[in-house]
file work34.cif (mmCIF, C-alpha atoms)
data_work
#
loop_
_atom_site.label_atom_id
_atom_site.label_comp_id
_atom_site.auth_asym_id
_atom_site.auth_seq_id
_atom_site.Cartn_x
_atom_site.Cartn_y
_atom_site.Cartn_z
CA MET A 26 109.00 187.14 134.63
CA ARG A 27 109.89 186.18 138.20
CA LYS A 28 113.56 185.48 138.97
CA ASN A 29 112.79 181.88 139.98
CA ASP A 30 111.19 181.29 136.57
CA ARG A 31 114.45 182.28 134.92
CA SER A 32 116.39 179.52 136.68
CA LEU A 33 116.54 175.79 135.92
CA TYR A 34 118.27 172.91 137.68
CA VAL A 35 119.07 169.68 135.78
CA SER A 36 121.13 166.58 136.45
CA ALA A 37 123.27 165.56 133.48
CA ASP A 38 122.59 161.86 134.04
CA HIS A 39 118.80 162.28 133.63
CA PRO A 40 117.08 160.09 130.98
CA TYR A 41 115.98 163.33 129.29
CA PHE A 42 119.43 163.45 127.70
CA TYR A 43 119.13 160.00 126.13
CA ASN A 44 117.79 161.61 122.95
CA ARG A 45 118.30 165.33 123.56
CA THR A 46 121.41 167.43 123.90
CA LEU A 47 122.46 169.77 126.65
CA PHE A 48 122.64 172.62 124.18
CA GLU A 49 119.09 171.97 122.96
CA LEU A 50 117.83 172.20 126.53
CA ALA A 51 119.76 175.41 127.17
CA ASP A 52 118.62 176.97 123.88
CA ASP A 53 114.93 176.15 124.45
CA PHE A 54 115.08 177.47 127.98
CA TYR A 55 116.88 180.61 126.82
CA LYS A 56 114.13 181.34 124.27
CA LEU A 57 111.55 181.09 127.08
CA GLY A 58 113.44 183.72 129.06
CA GLY A 59 115.68 181.46 131.08
CA ARG A 60 118.98 182.98 132.09
CA PHE A 61 120.37 180.76 134.90
CA LEU A 62 121.13 177.09 134.24
CA PHE A 63 122.41 174.81 137.01
CA ILE A 64 123.85 171.48 135.82
CA ASP A 65 124.69 168.76 138.32
CA GLU A 66 126.94 165.72 137.61
CA VAL A 67 128.14 167.30 134.37
CA HIS A 68 130.89 164.69 133.92
CA LYS A 69 128.22 162.04 133.28
CA TYR A 70 127.22 163.72 130.01
CA ALA A 71 129.31 162.85 126.94
CA LEU A 72 131.00 165.82 125.25
CA TRP A 73 129.97 168.08 128.11
CA SER A 74 132.88 170.50 127.71
CA ARG A 75 132.19 170.99 123.99
CA GLU A 76 128.52 171.79 124.58
CA LEU A 77 129.25 174.11 127.48
CA LYS A 78 131.57 176.04 125.19
CA VAL A 79 128.81 176.32 122.57
CA ILE A 80 126.33 177.49 125.22
CA TYR A 81 128.84 180.06 126.45
CA ASP A 82 129.53 181.37 122.93
CA SER A 83 125.95 181.20 121.56
CA LEU A 84 123.83 182.32 124.51
CA PRO A 85 125.68 185.34 125.89
CA GLU A 86 123.19 186.19 128.65
CA MET A 87 122.94 182.63 129.96
CA LYS A 88 124.76 182.06 133.24
CA VAL A 89 125.74 178.42 133.73
CA VAL A 90 126.79 176.83 137.02
CA PHE A 91 127.89 173.20 136.81
CA SER A 92 129.20 170.69 139.33
CA SER A 93 131.54 167.77 138.92
CA SER A 94 133.10 165.18 141.19
CA SER A 95 136.26 166.33 142.94
CA ALA A 96 137.92 163.21 141.52
CA LEU A 97 137.84 164.70 138.02
CA ASP A 98 139.63 167.56 136.32
CA ILE A 99 136.99 169.91 134.94
CA TYR A 100 139.47 171.37 132.47
CA ARG A 101 140.08 168.04 130.76
CA GLY A 102 137.86 167.83 127.72
CA GLU A 103 137.72 168.30 124.01
CA SER A 104 137.08 172.01 124.29
CA ASP A 105 139.11 174.59 126.14
CA LEU A 106 137.04 175.89 129.05
CA SER A 107 139.91 177.22 131.10
CA ARG A 108 139.36 180.81 129.92
CA ARG A 109 135.60 180.60 130.40
CA VAL A 110 135.26 178.88 133.76
CA PHE A 111 135.62 180.13 137.31
CA ALA A 112 136.28 177.03 139.38
CA TYR A 113 135.31 176.76 143.03
CA HIS A 114 136.57 173.96 145.22
CA LEU A 115 134.07 173.11 147.96
CA PRO A 116 135.69 171.38 150.94
CA GLY A 117 133.73 169.68 153.69
CA MET A 118 132.47 171.75 156.59
CA SER A 119 134.93 173.24 159.04
CA PHE A 120 134.20 172.84 162.73
CA ARG A 121 133.07 176.48 162.71
CA GLU A 122 130.58 175.81 159.90
CA PHE A 123 129.35 172.70 161.69
CA LEU A 124 128.58 174.83 164.76
CA VAL A 125 126.81 177.45 162.63
CA PHE A 126 124.53 174.76 161.18
CA LYS A 127 124.12 172.79 164.41
CA LYS A 128 123.56 175.61 166.88
CA LYS A 129 122.18 178.31 164.53
CA ILE A 130 124.71 180.87 165.75
CA ASN A 131 126.89 183.32 163.84
CA ILE A 132 130.60 182.65 164.31
CA LYS A 133 133.13 184.34 162.06
CA ALA A 134 136.20 182.61 160.65
CA VAL A 135 139.60 183.67 161.99
CA SER A 136 143.09 183.65 160.53
CA LEU A 137 145.87 181.30 161.58
CA ASP A 138 147.74 184.29 162.98
CA GLN A 139 144.74 185.11 165.18
CA VAL A 140 144.58 181.53 166.43
CA ILE A 141 148.27 181.65 167.33
CA THR A 142 148.41 185.11 168.90
CA SER A 143 144.90 185.59 170.31
CA HIS A 144 143.66 182.12 171.23
CA ARG A 145 142.93 183.12 174.84
CA SER A 146 140.63 185.98 173.89
CA LEU A 147 138.95 183.92 171.14
CA THR A 148 138.10 181.06 173.48
CA THR A 149 136.90 183.47 176.19
CA LYS A 150 134.53 185.10 173.72
CA LEU A 151 133.15 181.74 172.56
CA SER A 152 132.63 180.57 176.13
CA LYS A 153 129.95 183.26 176.52
CA GLU A 154 127.74 181.64 173.85
CA LYS A 155 124.73 180.01 175.50
CA ASP A 156 124.48 176.19 175.32
CA LEU A 157 127.72 175.95 173.33
CA PHE A 158 129.39 172.88 174.84
CA ILE A 159 132.48 172.85 172.66
CA LEU A 160 134.17 169.57 173.57
CA PRO A 161 131.14 167.25 173.09
CA LEU A 162 130.30 169.05 169.85
CA PHE A 163 133.90 168.70 168.69
CA ARG A 164 133.74 164.93 169.31
CA GLU A 165 130.53 164.79 167.28
CA TYR A 166 132.14 166.77 164.45
CA LEU A 167 135.19 164.50 164.31
CA LYS A 168 132.94 161.49 163.90
CA THR A 169 129.98 162.63 161.82
CA GLY A 170 130.15 166.38 161.13
CA TYR A 171 132.27 166.95 158.03
CA LEU A 172 129.65 166.63 155.28
CA PRO A 173 126.42 168.69 155.25
CA PHE A 174 124.07 165.70 155.05
CA SER A 175 125.09 164.87 158.63
CA GLN A 176 122.52 167.45 159.74
CA ALA A 177 119.66 165.19 158.60
CA GLU A 178 121.10 161.83 159.68
CA ASN A 179 121.73 159.99 162.90
CA GLU A 180 125.20 158.58 163.51
CA THR A 181 124.54 155.16 161.96
CA GLY A 182 122.80 156.60 158.91
CA TYR A 183 125.62 159.06 158.33
CA ILE A 184 128.32 156.38 158.43
CA VAL A 185 126.32 154.23 155.99
CA LYS A 186 125.94 157.17 153.60
CA LEU A 187 129.61 158.08 153.91
CA ASN A 188 130.57 154.56 152.83
CA GLN A 189 128.22 154.97 149.90
CA VAL A 190 129.99 158.20 148.99
CA ILE A 191 133.38 156.42 149.04
CA ASN A 192 132.07 153.65 146.79
CA THR A 193 130.43 156.14 144.43
CA ILE A 194 133.72 158.01 144.04
CA LEU A 195 135.78 154.88 143.38
CA ASP A 196 133.24 152.85 141.37
CA ILE A 197 131.37 155.51 139.39
CA ASP A 198 132.89 159.02 139.40
CA MET A 199 136.43 157.89 138.64
CA ALA A 200 135.18 155.54 135.93
CA TYR A 201 134.93 158.64 133.72
CA THR A 202 138.72 159.07 133.75
CA ASP A 203 140.89 157.61 130.99
CA GLY A 204 142.08 154.05 131.51
CA TYR A 205 139.98 153.42 134.59
CA THR A 206 138.67 149.86 134.93
CA PRO A 207 136.84 147.78 137.59
CA SER A 208 140.24 146.30 138.41
CA THR A 209 141.58 149.81 139.09
CA ALA A 210 138.68 150.49 141.46
CA LEU A 211 139.32 147.25 143.35
CA LYS A 212 143.01 148.02 143.82
CA LEU A 213 142.29 151.58 144.93
CA LYS A 214 139.91 150.21 147.56
CA LYS A 215 142.61 147.81 148.75
CA LEU A 216 145.14 150.64 148.90
CA LEU A 217 142.71 152.85 150.84
CA ALA A 218 142.09 149.99 153.29
CA ILE A 219 145.85 149.57 153.84
CA LEU A 220 146.24 153.30 154.47
CA ALA A 221 143.27 153.41 156.86
CA GLU A 222 144.82 150.69 159.02
CA SER A 223 147.87 152.74 159.93
CA VAL A 224 147.39 156.44 159.17
CA PRO A 225 149.32 158.65 159.50
CA PHE A 226 151.01 156.25 157.12
CA GLN A 227 154.71 156.49 156.28
CA PRO A 228 154.64 154.92 152.84
CA ASN A 229 156.97 152.19 151.69
CA ILE A 230 156.28 152.36 147.97
CA SER A 231 158.04 149.09 147.16
CA GLU A 232 156.07 147.22 149.85
CA LEU A 233 152.78 148.70 148.64
CA ALA A 234 153.60 147.73 145.07
CA ARG A 235 154.33 144.18 146.20
CA LYS A 236 151.09 143.87 148.18
CA LEU A 237 148.97 145.11 145.30
CA ASN A 238 151.03 143.39 142.59
CA ILE A 239 151.52 146.59 140.61
CA SER A 240 154.46 148.81 139.71
CA ARG A 241 155.92 151.57 141.88
CA ASP A 242 154.89 154.19 139.31
CA THR A 243 151.31 152.90 139.45
CA ILE A 244 151.32 153.30 143.24
CA TYR A 245 152.22 156.97 142.80
CA ASP A 246 149.40 157.29 140.25
CA TYR A 247 146.94 155.69 142.67
CA LEU A 248 147.98 157.93 145.55
CA LYS A 249 147.37 160.95 143.33
CA CYS A 250 143.96 159.55 142.38
CA LEU A 251 142.98 159.13 146.02
CA GLU A 252 144.22 162.62 146.85
CA LYS A 253 142.35 164.21 143.96
CA ALA A 254 139.24 162.33 145.08
CA LEU A 255 139.63 163.93 148.54
CA LEU A 256 140.08 160.59 150.27
CA ILE A 257 143.65 161.21 151.47
CA ASN A 258 146.02 164.11 152.16
CA SER A 259 149.72 163.65 151.56
CA LEU A 260 152.41 165.51 153.47
CA HIS A 261 155.75 166.24 151.83
CA ALA A 262 159.02 167.27 153.42
CA GLN A 263 159.69 170.92 154.05
CA GLY A 264 161.65 172.50 151.22
CA LYS A 265 161.05 169.67 148.72
CA GLY A 266 159.03 170.16 145.58
CA ILE A 267 155.87 168.13 145.05
CA SER A 268 155.67 165.99 141.93
CA LEU A 269 154.04 162.75 140.92
CA LEU A 270 157.13 160.69 141.71
CA LYS A 271 158.08 162.36 144.99
CA LYS A 272 157.31 160.03 147.87
CA PRO A 273 155.23 161.75 150.57
CA GLU A 274 156.63 161.57 154.09
CA LYS A 275 153.21 160.79 155.54
CA ILE A 276 149.72 160.02 154.28
CA TYR A 277 146.55 160.89 156.18
CA LEU A 278 142.87 160.25 155.55
CA GLU A 279 141.44 163.46 154.13
CA ASN A 280 138.97 164.00 156.95
CA THR A 281 138.33 162.46 160.35
CA ASN A 282 134.88 161.06 159.49
CA LEU A 283 136.57 158.63 157.08
CA PHE A 284 138.24 156.91 160.03
CA TYR A 285 134.88 155.86 161.46
CA ALA A 286 133.62 154.72 158.05
CA LEU A 287 136.70 152.60 157.27
CA LYS A 288 137.78 151.35 160.70
CA PRO A 289 135.69 150.35 163.74
CA ASP A 290 138.09 151.65 166.42
CA PRO A 291 140.33 154.42 165.04
CA ASN A 292 143.35 155.80 166.84
CA MET A 293 142.68 159.19 168.46
CA GLY A 294 146.24 160.41 167.80
CA SER A 295 145.74 159.84 164.07
CA ILE A 296 142.37 161.60 164.18
CA ARG A 297 143.87 164.67 165.84
CA GLU A 298 146.63 164.98 163.26
CA SER A 299 144.26 164.41 160.34
CA PHE A 300 141.85 167.04 161.66
CA LEU A 301 144.60 169.63 162.03
CA LEU A 302 146.04 168.97 158.55
CA ASN A 303 142.57 168.99 156.99
CA GLN A 304 141.60 172.36 158.46
CA LEU A 305 144.93 173.94 157.54
CA VAL A 306 144.81 172.68 153.95
CA ASN A 307 141.13 173.55 153.45
CA SER A 308 141.78 177.11 154.64
CA GLY A 309 144.37 177.57 151.89
CA HIS A 310 147.64 176.98 153.73
CA SER A 311 150.59 175.07 152.33
CA VAL A 312 151.62 172.51 154.91
CA PHE A 313 154.86 170.51 155.02
CA TYR A 314 156.49 167.79 157.07
CA PRO A 315 159.12 169.30 159.43
CA LYS A 316 162.20 167.74 160.99
CA LYS A 317 160.55 168.15 164.41
CA GLY A 318 156.85 168.37 165.23
CA ASP A 319 153.92 167.35 163.06
CA PHE A 320 153.36 170.24 160.64
CA TRP A 321 155.28 173.21 159.27
CA VAL A 322 153.02 176.04 158.08
CA ASP A 323 153.68 179.76 157.61
CA GLU A 324 157.09 179.56 159.34
CA ILE A 325 155.65 177.91 162.46
CA ILE A 326 155.72 174.35 163.79
CA ILE A 327 152.58 172.73 165.20
CA GLU A 328 152.47 169.49 167.18
CA ALA A 329 149.07 167.83 167.76
CA GLY A 330 148.29 165.83 170.88
CA GLY A 331 146.14 165.32 173.97
CA LYS A 332 145.74 167.73 176.87
CA LEU A 333 148.83 166.32 178.61
CA LYS A 334 151.01 166.57 175.51
CA SER A 335 154.59 167.36 176.46
CA PRO A 336 156.50 170.10 174.59
CA LYS A 337 159.51 167.75 174.38
CA GLN A 338 159.16 167.13 170.63
CA ILE A 339 159.26 170.85 169.84
CA SER A 340 161.68 171.98 172.55
CA GLY A 341 164.30 174.45 171.37
CA ILE A 342 162.28 175.48 168.30
CA ASP A 343 161.19 179.07 167.83
CA ASN A 344 157.56 179.63 166.81
CA ALA A 345 156.47 176.15 167.86
CA TYR A 346 153.01 175.38 169.28
CA ILE A 347 150.99 172.48 170.65
CA ALA A 348 147.46 171.94 169.35
CA ALA A 349 146.04 170.18 172.41
CA ASP A 350 142.83 168.17 172.46
CA ASP A 351 140.37 168.01 175.39
CA ILE A 352 141.01 171.54 176.65
CA LEU A 353 138.63 174.50 176.49
CA THR A 354 141.26 177.21 176.67
CA GLY A 355 145.00 177.35 176.20
CA ALA A 356 148.01 179.05 177.75
CA GLY A 357 151.28 180.20 176.21
CA ASN A 358 152.12 178.01 173.25
CA LYS A 359 149.43 175.42 174.05
CA ILE A 360 146.30 176.07 171.94
CA PRO A 361 143.00 174.16 171.94
CA LEU A 362 142.95 171.81 168.95
CA TRP A 363 139.31 172.58 168.16
CA LEU A 364 140.10 176.28 167.63
CA PHE A 365 141.96 175.38 164.41
CA GLY A 366 138.53 174.42 163.11
CA PHE A 367 137.63 178.11 162.85
CA LEU A 368 140.06 178.87 160.01
CA TYR A 369 137.41 178.83 157.25
#

call {"tool": "encode", "arguments": {"input": "work34.cif", "output": "structure tokens"}}
result
Amino acid sequence: MRKNDRSLYVSADHPYFYNRTLFELADDFYKLGGRFLFIDEVHKYALWSRELKVIYDSLPEMKVVFSSSSALDIYRGESDLSRRVFAYHLPGMSFREFLVFKKKINIKAVSLDQVITSHRSLTTKLSKEKDLFILPLFREYLKTGYLPFSQAENETGYIVKLNQVINTILDIDMAYTDGYTPSTALKLKKLLAILAESVPFQPNISELARKLNISRDTIYDYLKCLEKALLINSLHAQGKGISLLKKPEKIYLENTNLFYALKPDPNMGSIRESFLLNQLVNSGHSVFYPKKGDFWVDEIIIEAGGKLKSPKQISGIDNAYIAADDILTGAGNKIPLWLFGFLY
């Protein structure tokens, strides 16, 4: 039996499952020699966690890969899957990955320490790549390069699809969470619109509660929903623990493409900061809000800005750096902003 014949892809919202169970499908396929089952949109199938547990326990040679919306917790269910599941979080593409797809070249990821200590040699090496015009490509990435389907779409088509993704998350995916109603979706959209108008947003929880006519505690719940759905990133103060009722110091859109989907003329300063935070978080770093500068990560301070950014805001601070936009190469503690897109 060929390896491809041993694999099957299904979407859990297919009409096939109107009168058949997921386990029945897996069992029939297993008896025919199937050993690899790929299940998409698993959260749209009732009792999915229970049946996955039965498949795991009853069909020992069956390997199951399933996907779920980032807005949902895959460990929430009637059956305990936590000891049976290896979970992989898939972030959007880094700038490095965008270049790999766009230009069909092999570029390896680098560590934050390499970016800080070796940025001159890294940029010199990249400058030798043929037809690699970094700054125009970086502008394209910031606007339409974060999600893989950008490779098959023009700019207008991508923005339309990105808005569809936002609506799908808030109207459909999150509807599978407990207590979620159409009214909840409407208020989350209103909250996201408020945040998009002024990110990085320094939240006034009482004012947000008044505007949306809901309680302060509900605002915290909604912010967590939007963060889990990968629509925002929240930044907490250095040295403070993160909990549901800890007010973030700043709130950013999760990725820069969201700016262009939610606002016709976004602020470039906000885009730079959101890009830097996004790439740091997606590469596994814990990032905090410092007393000076924009971000505190791994004992260093990073300030994002344009090519003429003054070091005034980080003066007198050890291990402080400027992530500067619109430059191809850096000098001293000034590092090209785009190079932080090579962290994963």

call {"tool": "resolve_selection", "arguments": {"input": "work34.cif", "expression": "the PyMOL selection byres ((chain A and resi 313-315) around 12)", "output": "MDAnalysis selection string"}}
result
chainID A and resid 225 227 258:267 273:276 298 302 305:306 310:312 316:328 338:339 342 345

call {"tool": "closest_residue", "arguments": {"input": "work34.cif", "among": "A:Leu333, A:Leu167, A:Leu151, A:Leu213", "to": "Phe300 in chain A", "atoms": "all atoms listed in the file"}}
result
A:Leu167

call {"tool": "resolve_selection", "arguments": {"input": "work34.cif", "expression": "the PyMOL selection byres ((chain A and resi 246-254) around 10)", "output": "PyMOL selection string"}}
result
chain A and resi 94-98+191+194-195+198-199+209-210+212-214+216-217+240-245+255-259+268-270+272-273+276-279

call {"tool": "residues_near_point", "arguments": {"input": "work34.cif", "point": "(122.8, 159.5, 138.4)", "cutoff": "9 Å", "atoms": "only C-alpha atoms", "output": "mmCIF file with C-alpha atoms, keeping the file's coordinate frame"}}
result
data_model
loop_
_atom_site.group_PDB
_atom_site.id
_atom_site.type_symbol
_atom_site.label_atom_id
_atom_site.label_comp_id
_atom_site.auth_asym_id
_atom_site.auth_seq_id
_atom_site.Cartn_x
_atom_site.Cartn_y
_atom_site.Cartn_z
ATOM 1 C CA SER A 36 121.130 166.580 136.450
ATOM 2 C CA ALA A 37 123.270 165.560 133.480
ATOM 3 C CA ASP A 38 122.590 161.860 134.040
ATOM 4 C CA HIS A 39 118.800 162.280 133.630
ATOM 5 C CA GLU A 66 126.940 165.720 137.610
ATOM 6 C CA LYS A 69 128.220 162.040 133.280
#

call {"tool": "residues_near_point", "arguments": {"input": "work34.cif", "point": "(117.2, 181.0, 128.5)", "cutoff": "10 Å", "atoms": "all atoms listed in the file", "output": "count of residues only"}}
result
21

call {"tool": "resolve_selection", "arguments": {"input": "work34.cif", "expression": "the PyMOL selection byres ((chain A and resi 64) around 6)", "output": "list of chain:residue names"}}
result
A:Val35, A:Ser36, A:Phe63, A:Asp65, A:Phe91

call {"tool": "residues_around", "arguments": {"input": "work34.cif", "residues": "range 127-133 of chain A", "least_positions_apart": "2", "cutoff": "9 Å", "atoms": "all atoms listed in the file", "output": "list in words"}}
result
Arg121, Glu122, Phe123, Leu124, Val125, Val135, Leu151, Glu154, Asp156, Leu157, Gln176, Phe367 and Tyr369 of chain A

call {"tool": "residues_around", "arguments": {"input": "work34.cif", "residues": "Lys168 in chain A", "least_positions_apart": "2", "cutoff": "9 Å", "atoms": "all atoms listed in the file", "output": "VMD selection string"}}
result
chain A and resid 163 to 166 170 to 171 180 184 281 to 286

call {"tool": "decode", "arguments": {"input": "work34.cif", "residues": "range 36-82 of chain A", "atoms": "C-alpha atoms", "output": "CSV table (one decimal), in the first residue's frame"}}
result
chain,number,residue,atom,x,y,z
A,36,SER,CA,-13.0,18.6,7.6
A,37,ALA,CA,-15.1,18.1,10.7
A,38,ASP,CA,-17.8,20.4,9.5
A,39,HIS,CA,-18.5,18.2,6.4
A,40,PRO,CA,-22.1,17.0,5.8
A,41,TYR,CA,-20.7,13.4,6.0
A,42,PHE,CA,-20.8,13.8,9.8
A,43,TYR,CA,-24.5,14.6,9.9
A,44,ASN,CA,-25.3,10.9,10.4
A,45,ARG,CA,-21.9,9.4,10.9
A,46,THR,CA,-19.4,9.7,13.7
A,47,LEU,CA,-15.7,10.7,13.6
A,48,PHE,CA,-14.8,7.4,15.3
A,49,GLU,CA,-16.7,5.4,12.6
A,50,LEU,CA,-14.8,7.1,9.9
A,51,ALA,CA,-11.4,6.5,11.6
A,52,ASP,CA,-12.3,2.9,12.3
A,53,ASP,CA,-13.4,2.1,8.7
A,54,PHE,CA,-10.3,3.8,7.4
A,55,TYR,CA,-8.1,2.0,9.8
A,56,LYS,CA,-9.5,-1.4,8.7
A,57,LEU,CA,-8.6,-0.5,5.1
A,58,GLY,CA,-5.0,0.2,6.1
A,59,GLY,CA,-5.2,3.8,6.9
A,60,ARG,CA,-2.8,5.1,9.5
A,61,PHE,CA,-2.7,8.9,9.2
A,62,LEU,CA,-5.8,10.9,9.7
A,63,PHE,CA,-5.8,14.7,9.3
A,64,ILE,CA,-8.9,16.5,10.8
A,65,ASP,CA,-9.5,20.2,10.1
A,66,GLU,CA,-11.9,22.5,12.0
A,67,VAL,CA,-12.2,19.8,14.8
A,68,HIS,CA,-14.0,22.3,17.1
A,69,LYS,CA,-17.0,22.2,14.8
A,70,TYR,CA,-17.7,18.6,15.6
A,71,ALA,CA,-19.7,17.9,18.8
A,72,LEU,CA,-18.0,15.7,21.4
A,73,TRP,CA,-14.7,15.9,19.4
A,74,SER,CA,-12.4,15.5,22.4
A,75,ARG,CA,-14.3,12.3,23.6
A,76,GLU,CA,-14.1,10.7,20.2
A,77,LEU,CA,-10.4,11.6,19.7
A,78,LYS,CA,-9.7,9.9,23.0
A,79,VAL,CA,-11.5,6.8,21.8
A,80,ILE,CA,-9.6,6.8,18.5
A,81,TYR,CA,-6.3,7.2,20.5
A,82,ASP,CA,-7.1,4.3,22.8
